[in-house]
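Q: My structure is in data.pdb, and what it holds is PDB, C-alpha atoms:
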ATOM      1  CA  MET P  19     -27.343  22.401  23.411
ATOM      2  CA  LEU P  20     -26.332  25.888  24.598
ATOM      3  CA  ILE P  21     -22.947  24.627  25.814
ATOM      4  CA  LEU P  22     -22.381  22.821  22.527
ATOM      5  CA  SER P  23     -23.329  25.900  20.554
ATOM      6  CA  GLN P  24     -20.853  28.023  22.507
ATOM      7  CA  GLU P  25     -18.088  25.415  22.112
ATOM      8  CA  LYS P  26     -18.522  25.362  18.342
ATOM      9  CA  ARG P  27     -17.524  29.027  18.059
ATOM     10  CA  LYS P  28     -14.221  28.743  19.855
ATOM     11  CA  VAL P  29     -11.289  26.511  20.696
ATOM     12  CA  VAL P  30     -11.672  24.799  24.070
ATOM     13  CA  GLU P  31      -9.225  22.885  26.256
ATOM     14  CA  ILE P  32     -10.248  19.279  26.919
ATOM     15  CA  THR P  33      -8.554  16.749  29.178
ATOM     16  CA  ILE P  34      -6.856  14.081  27.066
ATOM     17  CA  GLU P  35      -8.366  11.257  29.147
ATOM     18  CA  ARG P  36     -11.824  12.409  28.112
ATOM     19  CA  ILE P  37     -11.100  11.887  24.388
ATOM     20  CA  VAL P  38     -11.733   8.414  22.924
ATOM     21  CA  PRO P  39     -10.472   7.169  19.520
ATOM     22  CA  ASN P  40     -12.638   7.235  16.423
ATOM     23  CA  PRO P  41     -13.505   3.654  15.364
ATOM     24  CA  SER P  42     -13.518   4.785  11.735
ATOM     25  CA  GLN P  43      -9.921   6.007  11.861
ATOM     26  CA  PRO P  44      -8.358   4.669   8.618
ATOM     27  CA  ARG P  45      -4.755   4.948   9.794
ATOM     28  CA  ARG P  46      -3.508   1.718  11.344
ATOM     29  CA  ILE P  47       0.264   2.271  11.347
ATOM     30  CA  PHE P  48       1.903   4.986  13.438
ATOM     31  CA  VAL P  49       5.685   5.278  13.149
ATOM     32  CA  GLN P  50       7.131   5.941  16.597
ATOM     33  CA  THR P  51      10.018   8.117  15.365
ATOM     34  CA  GLU P  52       7.579  10.362  13.504
ATOM     35  CA  LEU P  53       5.396  10.672  16.594
ATOM     36  CA  ASP P  54       8.471  11.535  18.675
ATOM     37  CA  ASN P  55       9.480  14.235  16.179
ATOM     38  CA  LEU P  56       5.965  15.680  16.190
ATOM     39  CA  SER P  57       5.926  15.561  19.985
ATOM     40  CA  ASN P  58       9.190  17.526  20.162
ATOM     41  CA  SER P  59       7.794  20.095  17.733
ATOM     42  CA  ILE P  60       4.626  20.503  19.829
ATOM     43  CA  LYS P  61       6.725  20.901  22.983
ATOM     44  CA  GLU P  62       8.720  23.624  21.257
ATOM     45  CA  SER P  63       5.971  25.530  19.433
ATOM     46  CA  GLY P  64       2.713  24.305  20.961
ATOM     47  CA  LEU P  65      -0.221  22.596  19.237
ATOM     48  CA  LEU P  66      -0.702  24.876  16.226
ATOM     49  CA  GLN P  67      -3.748  23.056  14.829
ATOM     50  CA  PRO P  68      -6.520  22.080  17.285
ATOM     51  CA  LEU P  69      -8.043  18.621  17.253
ATOM     52  CA  THR P  70     -11.611  18.141  16.072
ATOM     53  CA  VAL P  71     -13.942  16.175  18.363
ATOM     54  CA  ARG P  72     -17.639  15.541  18.925
ATOM     55  CA  ARG P  73     -19.410  15.222  22.253
ATOM     56  CA  LEU P  74     -20.480  11.708  23.267
ATOM     57  CA  GLY P  75     -21.783  12.521  26.718
ATOM     58  CA  ALA P  76     -21.334  14.887  29.619
ATOM     59  CA  ASN P  77     -17.680  13.943  30.172
ATOM     60  CA  GLN P  78     -16.543  12.238  26.993
ATOM     61  CA  TYR P  79     -15.609  13.229  23.446
ATOM     62  CA  GLU P  80     -14.873  11.211  20.308
ATOM     63  CA  LEU P  81     -11.933  12.221  18.159
ATOM     64  CA  ILE P  82     -12.829  13.200  14.599
ATOM     65  CA  ALA P  83      -9.493  14.468  13.279
ATOM     66  CA  GLY P  84      -5.997  14.650  14.740
ATOM     67  CA  GLU P  85      -5.018  11.135  15.866
ATOM     68  CA  ARG P  86      -1.280  11.726  15.344
ATOM     69  CA  ARG P  87      -1.426  15.083  17.131
ATOM     70  CA  LEU P  88      -3.303  13.524  20.059
ATOM     71  CA  ARG P  89      -0.730  10.737  20.401
ATOM     72  CA  ALA P  90       2.126  13.231  20.170
ATOM     73  CA  CYS P  91       0.556  15.379  22.895
ATOM     74  CA  ARG P  92       0.349  12.311  25.139
ATOM     75  CA  ILE P  93       4.048  11.627  24.534
ATOM     76  CA  ALA P  94       4.816  15.265  25.312
ATOM     77  CA  GLY P  95       3.094  14.854  28.676
ATOM     78  CA  PHE P  96       0.203  17.247  27.995
ATOM     79  CA  LYS P  97      -2.816  16.873  30.270
ATOM     80  CA  THR P  98      -5.171  18.876  28.053
ATOM     81  CA  VAL P  99      -5.350  19.646  24.330
ATOM     82  CA  SER P 100      -6.967  22.382  22.250
ATOM     83  CA  CYS P 101     -10.081  21.144  20.463
ATOM     84  CA  ILE P 102     -12.899  22.345  18.269
ATOM     85  CA  VAL P 103     -16.163  20.598  19.142
ATOM     86  CA  ASN P 104     -18.185  19.663  16.080
ATOM     87  CA  ASP P 105     -21.931  19.100  16.361
ATOM     88  CA  CYS P 106     -22.329  15.989  14.190
ATOM     89  CA  ASP P 107     -23.699  12.456  14.374
ATOM     90  CA  GLU P 108     -21.830   9.152  14.170
ATOM     91  CA  LYS P 109     -22.045   8.919  10.370
ATOM     92  CA  GLN P 110     -20.783  12.468   9.823
ATOM     93  CA  SER P 111     -17.998  11.886  12.338
ATOM     94  CA  ALA P 112     -16.859   8.744  10.510
ATOM     95  CA  ILE P 113     -16.900  10.504   7.149
ATOM     96  CA  TYR P 114     -14.992  13.524   8.496
ATOM     97  CA  ALA P 115     -12.394  11.272  10.123
ATOM     98  CA  MET P 116     -11.807   9.257   6.999
ATOM     99  CA  LEU P 117     -11.745  12.227   4.650
ATOM    100  CA  GLU P 118      -9.326  14.141   6.868
ATOM    101  CA  ASN P 119      -6.904  11.229   6.827
ATOM    102  CA  LEU P 120      -7.444  10.230   3.211
ATOM    103  CA  GLN P 121      -6.623  13.769   2.088
ATOM    104  CA  ARG P 122      -3.164  13.388   3.645
ATOM    105  CA  GLN P 123      -0.302  12.086   1.517
ATOM    106  CA  ASP P 124       1.373   9.828   4.083
ATOM    107  CA  LEU P 125      -1.275   7.133   4.475
ATOM    108  CA  GLN P 126      -0.010   3.649   3.713
ATOM    109  CA  LEU P 127      -1.482   2.463   0.364
ATOM    110  CA  PHE P 128      -3.767  -0.226   1.813
ATOM    111  CA  GLU P 129      -4.933   2.033   4.661
ATOM    112  CA  GLU P 130      -6.122   4.477   2.009
ATOM    113  CA  ALA P 131      -7.902   1.764   0.007
ATOM    114  CA  GLU P 132      -9.529   0.319   3.128
ATOM    115  CA  GLY P 133     -10.677   3.780   4.234
ATOM    116  CA  ILE P 134     -12.322   4.448   0.868
ATOM    117  CA  ALA P 135     -13.978   1.021   0.952
ATOM    118  CA  ARG P 136     -15.431   1.721   4.412
ATOM    119  CA  LEU P 137     -16.733   5.094   3.289
ATOM    120  CA  ILE P 138     -18.607   3.361   0.487
ATOM    121  CA  SER P 139     -19.797   0.207   2.275
ATOM    122  CA  GLU P 140     -20.571   1.504   5.771
ATOM    123  CA  TRP P 141     -21.747   5.038   5.135
ATOM    124  CA  GLY P 142     -23.264   4.918   1.658
ATOM    125  CA  VAL P 143     -20.815   7.292  -0.025
ATOM    126  CA  THR P 144     -20.664   6.599  -3.766
ATOM    127  CA  GLN P 145     -17.394   6.270  -5.695
ATOM    128  CA  GLU P 146     -18.270   9.515  -7.458
ATOM    129  CA  GLU P 147     -18.783  11.367  -4.160
ATOM    130  CA  ALA P 148     -15.565   9.923  -2.731
ATOM    131  CA  ALA P 149     -13.669  11.031  -5.834
ATOM    132  CA  ILE P 150     -15.018  14.586  -5.577
ATOM    133  CA  ARG P 151     -14.306  14.934  -1.844
ATOM    134  CA  LEU P 152     -10.796  13.501  -2.177
ATOM    135  CA  GLY P 153      -9.939  15.426  -5.328
ATOM    136  CA  LYS P 154      -9.325  12.267  -7.349
ATOM    137  CA  SER P 155     -10.760  10.830 -10.552
ATOM    138  CA  GLN P 156     -13.268   7.985 -10.370
ATOM    139  CA  SER P 157     -10.801   5.720 -12.168
ATOM    140  CA  ALA P 158      -8.189   6.498  -9.481
ATOM    141  CA  ILE P 159     -10.698   5.542  -6.772
ATOM    142  CA  ALA P 160     -11.550   2.323  -8.652
ATOM    143  CA  ASN P 161      -7.846   1.451  -8.917
ATOM    144  CA  LYS P 162      -7.387   2.034  -5.175
ATOM    145  CA  LEU P 163     -10.275  -0.307  -4.392
ATOM    146  CA  ARG P 164      -8.871  -3.010  -6.693
ATOM    147  CA  LEU P 165      -5.848  -3.258  -4.387
ATOM    148  CA  LEU P 166      -8.106  -4.914  -1.810
ATOM    149  CA  LYS P 167      -8.372  -7.974  -4.086
ATOM    150  CA  LEU P 168      -4.902  -8.892  -2.833
ATOM    151  CA  SER P 169      -4.920 -11.251   0.135
ATOM    152  CA  LEU P 170      -4.180  -9.916   3.624
ATOM    153  CA  GLU P 171      -0.938 -11.906   3.659
ATOM    154  CA  ASP P 172       0.190 -10.423   0.340
ATOM    155  CA  ARG P 173      -0.697  -6.914   1.527
ATOM    156  CA  LYS P 174       1.402  -7.432   4.640
ATOM    157  CA  LYS P 175       4.382  -8.629   2.575
ATOM    158  CA  ILE P 176       4.082  -5.652   0.211
ATOM    159  CA  VAL P 177       4.057  -3.152   3.081
ATOM    160  CA  GLU P 178       6.917  -4.803   4.970
ATOM    161  CA  ALA P 179       9.035  -4.973   1.797
ATOM    162  CA  GLY P 180       8.383  -1.294   1.022
ATOM    163  CA  LEU P 181       6.889  -2.022  -2.409
ATOM    164  CA  THR P 182       4.835   0.596  -4.217
ATOM    165  CA  GLU P 183       1.252   0.774  -5.407
ATOM    166  CA  ARG P 184       2.498   0.079  -8.942
ATOM    167  CA  HIS P 185       4.041  -3.187  -7.713
ATOM    168  CA  ALA P 186       0.699  -4.127  -6.163
ATOM    169  CA  ARG P 187      -1.282  -3.250  -9.276
ATOM    170  CA  ALA P 188       1.101  -5.289 -11.437
ATOM    171  CA  LEU P 189       0.429  -8.335  -9.227
ATOM    172  CA  LEU P 190      -3.303  -7.980  -9.852
ATOM    173  CA  ARG P 191      -2.687  -9.044 -13.445
ATOM    174  CA  ILE P 192      -2.141 -12.571 -12.100
ATOM    175  CA  PRO P 193      -5.574 -14.154 -11.535
ATOM    176  CA  ASN P 194      -4.397 -17.189  -9.551
ATOM    177  CA  GLN P 195      -3.830 -16.477  -5.846
ATOM    178  CA  ALA P 196      -1.239 -19.215  -5.289
ATOM    179  CA  MET P 197       0.771 -18.113  -8.308
ATOM    180  CA  ARG P 198       0.446 -14.473  -7.264
ATOM    181  CA  SER P 199       1.949 -15.200  -3.848
ATOM    182  CA  LYS P 200       4.900 -17.072  -5.392
ATOM    183  CA  VAL P 201       5.532 -14.221  -7.826
ATOM    184  CA  LEU P 202       5.417 -11.720  -4.964
ATOM    185  CA  ASP P 203       8.011 -13.746  -3.042
ATOM    186  CA  THR P 204      10.279 -13.732  -6.103
ATOM    187  CA  ILE P 205       9.874  -9.976  -6.547
ATOM    188  CA  ILE P 206      10.758  -9.330  -2.906
ATOM    189  CA  THR P 207      13.656 -11.814  -2.799
ATOM    190  CA  ASN P 208      15.261 -10.352  -5.916
ATOM    191  CA  GLY P 209      14.454  -6.716  -5.125
ATOM    192  CA  TYR P 210      12.708  -6.088  -8.437
ATOM    193  CA  ASN P 211      11.835  -2.475  -9.210
ATOM    194  CA  VAL P 212       8.539  -1.636 -10.925
ATOM    195  CA  GLN P 213       9.944  -1.951 -14.446
ATOM    196  CA  ARG P 214      11.529  -5.317 -13.728
ATOM    197  CA  THR P 215       8.342  -6.489 -12.012
ATOM    198  CA  ASP P 216       6.233  -5.570 -15.052
ATOM    199  CA  ALA P 217       8.628  -7.399 -17.388
ATOM    200  CA  TYR P 218       8.742 -10.489 -15.167
ATOM    201  CA  ILE P 219       4.949 -10.721 -14.895
ATOM    202  CA  GLU P 220       4.551 -10.114 -18.629
ATOM    203  CA  GLN P 221       6.974 -12.984 -19.247
ATOM    204  CA  LEU P 222       5.063 -15.353 -16.967
ATOM    205  CA  LEU P 223       1.680 -14.484 -18.441
ATOM    206  CA  THR P 224       2.980 -14.880 -22.000
ATOM    207  CA  LEU P 225       4.390 -18.316 -21.245
ATOM    208  CA  LYS P 226       1.219 -19.284 -19.379
ATOM    209  CA  GLU P 227      -0.914 -18.250 -22.343
ATOM    210  CA  ALA P 228       1.283 -20.246 -24.719
ATOM    211  CA  GLU P 229       0.998 -23.349 -22.534
ATOM    212  CA  ALA P 230      -2.783 -23.012 -22.430
ATOM    213  CA  LYS P 231      -3.141 -23.051 -26.224
ATOM    214  CA  PRO P 232      -4.000 -26.459 -27.728
ATOM    215  CA  LYS P 233      -1.024 -28.192 -29.322
ATOM    216  CA  SER P 234      -1.250 -28.833 -33.057
ATOM    217  CA  LYS P 235      -0.192 -32.168 -34.558
ATOM    218  CA  GLY P 236       2.360 -30.494 -36.734
ATOM    219  CA  LYS P 237       5.393 -28.542 -35.706
ATOM    220  CA  ARG P 238       4.567 -26.001 -32.992
ATOM    221  CA  THR P 239       5.642 -22.439 -33.636
ATOM    222  CA  PHE P 240       5.883 -20.016 -30.736
ATOM    223  CA  ILE P 241       6.651 -16.430 -31.657
ATOM    224  CA  VAL P 242       7.556 -13.773 -29.122
ATOM    225  CA  LYS P 243       8.118 -10.360 -30.650
ATOM    226  CA  ASP P 244       9.903  -8.830 -27.667
ATOM    227  CA  ILE P 245      13.394 -10.315 -27.192
ATOM    228  CA  ARG P 246      13.322  -9.109 -23.570
ATOM    229  CA  ILE P 247      11.046 -12.047 -22.736
ATOM    230  CA  PHE P 248      13.855 -14.475 -23.559
ATOM    231  CA  MET P 249      16.505 -12.417 -21.779
ATOM    232  CA  ASN P 250      14.326 -12.224 -18.672
ATOM    233  CA  THR P 251      13.893 -16.012 -18.793
ATOM    234  CA  ILE P 252      17.673 -16.467 -18.819
ATOM    235  CA  ASN P 253      18.173 -13.935 -16.025
ATOM    236  CA  HIS P 254      15.468 -15.531 -13.908
ATOM    237  CA  ALA P 255      17.000 -18.991 -14.392
ATOM    238  CA  ILE P 256      20.404 -17.704 -13.244
ATOM    239  CA  GLU P 257      18.863 -16.016 -10.186
ATOM    240  CA  THR P 258      16.960 -19.200  -9.296
ATOM    241  CA  MET P 259      20.172 -21.232  -9.447
ATOM    242  CA  LYS P 260      21.956 -18.702  -7.234
ATOM    243  CA  LEU P 261      19.164 -18.935  -4.675
ATOM    244  CA  SER P 262      19.631 -22.720  -4.737
ATOM    245  CA  GLY P 263      23.335 -22.390  -3.963
ATOM    246  CA  ILE P 264      24.605 -22.877  -7.512
ATOM    247  CA  HIS P 265      27.078 -20.109  -8.333
ATOM    248  CA  ALA P 266      26.133 -19.684 -11.965
ATOM    249  CA  VAL P 267      27.376 -16.613 -13.820
ATOM    250  CA  THR P 268      26.422 -15.013 -17.092
ATOM    251  CA  HIS P 269      28.281 -12.671 -19.434
ATOM    252  CA  LYS P 270      26.302 -10.631 -21.941
ATOM    253  CA  CYS P 271      27.702  -8.834 -24.956
ATOM    254  CA  GLU P 272      25.433  -6.735 -27.154
ATOM    255  CA  THR P 273      26.215  -5.387 -30.625
ATOM    256  CA  GLU P 274      24.092  -3.752 -33.296
ATOM    257  CA  ASP P 275      23.451  -7.163 -34.880
ATOM    258  CA  TYR P 276      23.107  -9.600 -32.007
ATOM    259  CA  ILE P 277      23.142 -10.288 -28.280
ATOM    260  CA  GLU P 278      25.662 -12.877 -27.106
ATOM    261  CA  CYS P 279      24.988 -14.496 -23.745
ATOM    262  CA  ILE P 280      27.431 -16.962 -22.160
ATOM    263  CA  VAL P 281      26.272 -18.905 -19.102
ATOM    264  CA  ARG P 282      28.745 -20.804 -16.921
ATOM    265  CA  ILE P 283      27.291 -23.376 -14.505
ATOM    266  CA  PRO P 284      29.849 -25.096 -12.236
ATOM    267  CA  LYS P 285      29.609 -28.885 -12.023
ATOM    268  CA  ALA P 286      28.461 -30.118  -8.618
ATOM    269  CA  LYS P 287      31.274 -31.939  -6.810
ATOM    270  CA  SER P 288      28.876 -34.481  -5.395
ATOM    271  CA  SER P 289      27.633 -35.349  -8.873
ATOM    272  CA  THR P 290      31.188 -35.745 -10.176
ATOM    273  CA  ALA P 291      32.162 -37.975  -7.269
ATOM    274  CA  ALA P 292      29.094 -40.157  -7.682
ATOM    275  CA  SER P 293      29.819 -40.727 -11.363
TER     276      SER P 293
END
Could the structure of this file be written out as structure tokens, please?

A:
Amino acid sequence: MLILSQEKRKVVEITIERIVPNPSQPRRIFVQTELDNLSNSIKESGLLQPLTVRRLGANQYELIAGERRLRACRIAGFKTVSCIVNDCDEKQSAIYAMLENLQRQDLQLFEEAEGIARLISEWGVTQEEAAIRLGKSQSAIANKLRLLKLSLEDRKKIVEAGLTERHARALLRIPNQAMRSKVLDTIITNGYNVQRTDAYIEQLLTLKEAEAKPKSKGKRTFIVKDIRIFMNTINHAIETMKLSGIHAVTHKCETEDYIECIVRIPKAKSSTAAS
């Protein structure tokens, strides 16, 4: 305990091989180019911010904060790194590690949500406590956690396509998993921005709701107040045909009184020959 007490008051040099990763580290993705840049900076200016570790045994330490710095120091060829030894237990170490990373702005959106979820489920931190420690509102924390309702496959697609949290939250409006995955594929294929994604999903849900309503015996009337729903339907149909190899084109002309839309669909040669 005396050694630990002395270590707490100063920065000490610890051999890198004696430091093991923190199992509660929320970050899962490390971009190699960013690590290389950080490594070059550390070579040039030194490690300006020490790592934080806790003692596991006589010759081993567990990393609490500084995973990227530790990796960069390894790349730089350092044998030892500057550390501050923190006297804490496993639970405190996990909470410190997660909070240190969650307070950063460059965590991938699902890494952040997963880290918050682990804080709550594994270590008994309430949503209110997490919100206070992370400087966020409780509603923001709740919205982050809702992202985990997306399937692992959909999360992977969202990350690989570089979509935003707003894209992901828009997808949560679709309750059916199979439909949600198809919509996500369409969004990625067509490169929809957030605004276009919102409009497309609104269109689908409106049509779905209309189909679900019981049909009356008389003439059915379907009223959509926003004309953009119809325009999006036309645009989506054209894009679907293009993806199928049909080179359809559309020309739109808009005046103060009306919108004129001309669609040209070339006749398939095979169909003409067969007839």

Q: Do you know which residues the PyMOL selection byres ((chain P and resi 279) around 9) returns on this file, as an MDAnalysis selection string?

A: chainID P and resid 249 268:272 277:278 280:281

Q: I need the residue set behind the PyMOL selection byres ((chain P and resi 44-56) around 6) for this file; please write it as a VMD selection string.

A: chain P and resid 43 57 to 59 90 116 129 133

Q: Taking all atoms listed in the file into account, which of P:Val38, P:Ala196, P:Ile113, P:Ile283 comes nearest Trp141 (chain P)?

A: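 Residue with the minimum atom-to-atom distance to Trp141 (chain P): P:Ile113.
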
Q: Identify all residues satisfying the PyMOL selection byres ((chain P and resi 174) around 12) in the given file; provide them as a list of chain:residue names.

A: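 For this structure, the PyMOL selection byres ((chain P and resi 174) around 12) resolves to P:Ile47, P:Gln126, P:Leu127, P:Phe128, P:Glu129, P:Leu166, P:Leu168, P:Ser169, P:Leu170, P:Glu171, P:Asp172, P:Arg173, P:Lys175, P:Ile176, P:Val177, P:Glu178, P:Ala179, P:Gly180, P:Leu181, P:Ala186, P:Ser199, P:Leu202, P:Asp203.
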
Q: Counting all atoms listed in the file, which of P:Leu152, P:Leu117, P:Met259, P:Leu165 gets nearest to Leu189 (chain P)?

A: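 Nearest candidate to Leu189 (chain P) out of P:Leu152, P:Leu117, P:Met259, P:Leu165: P:Leu165.
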
Q: What is the distance, in Å and to one decimal place, between CA of Thr251 (chain P) and CA of Lys226 (chain P)?

A: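 Going from CA of Thr251 (chain P) over to CA of Lys226 (chain P) covers 13.1 Å.
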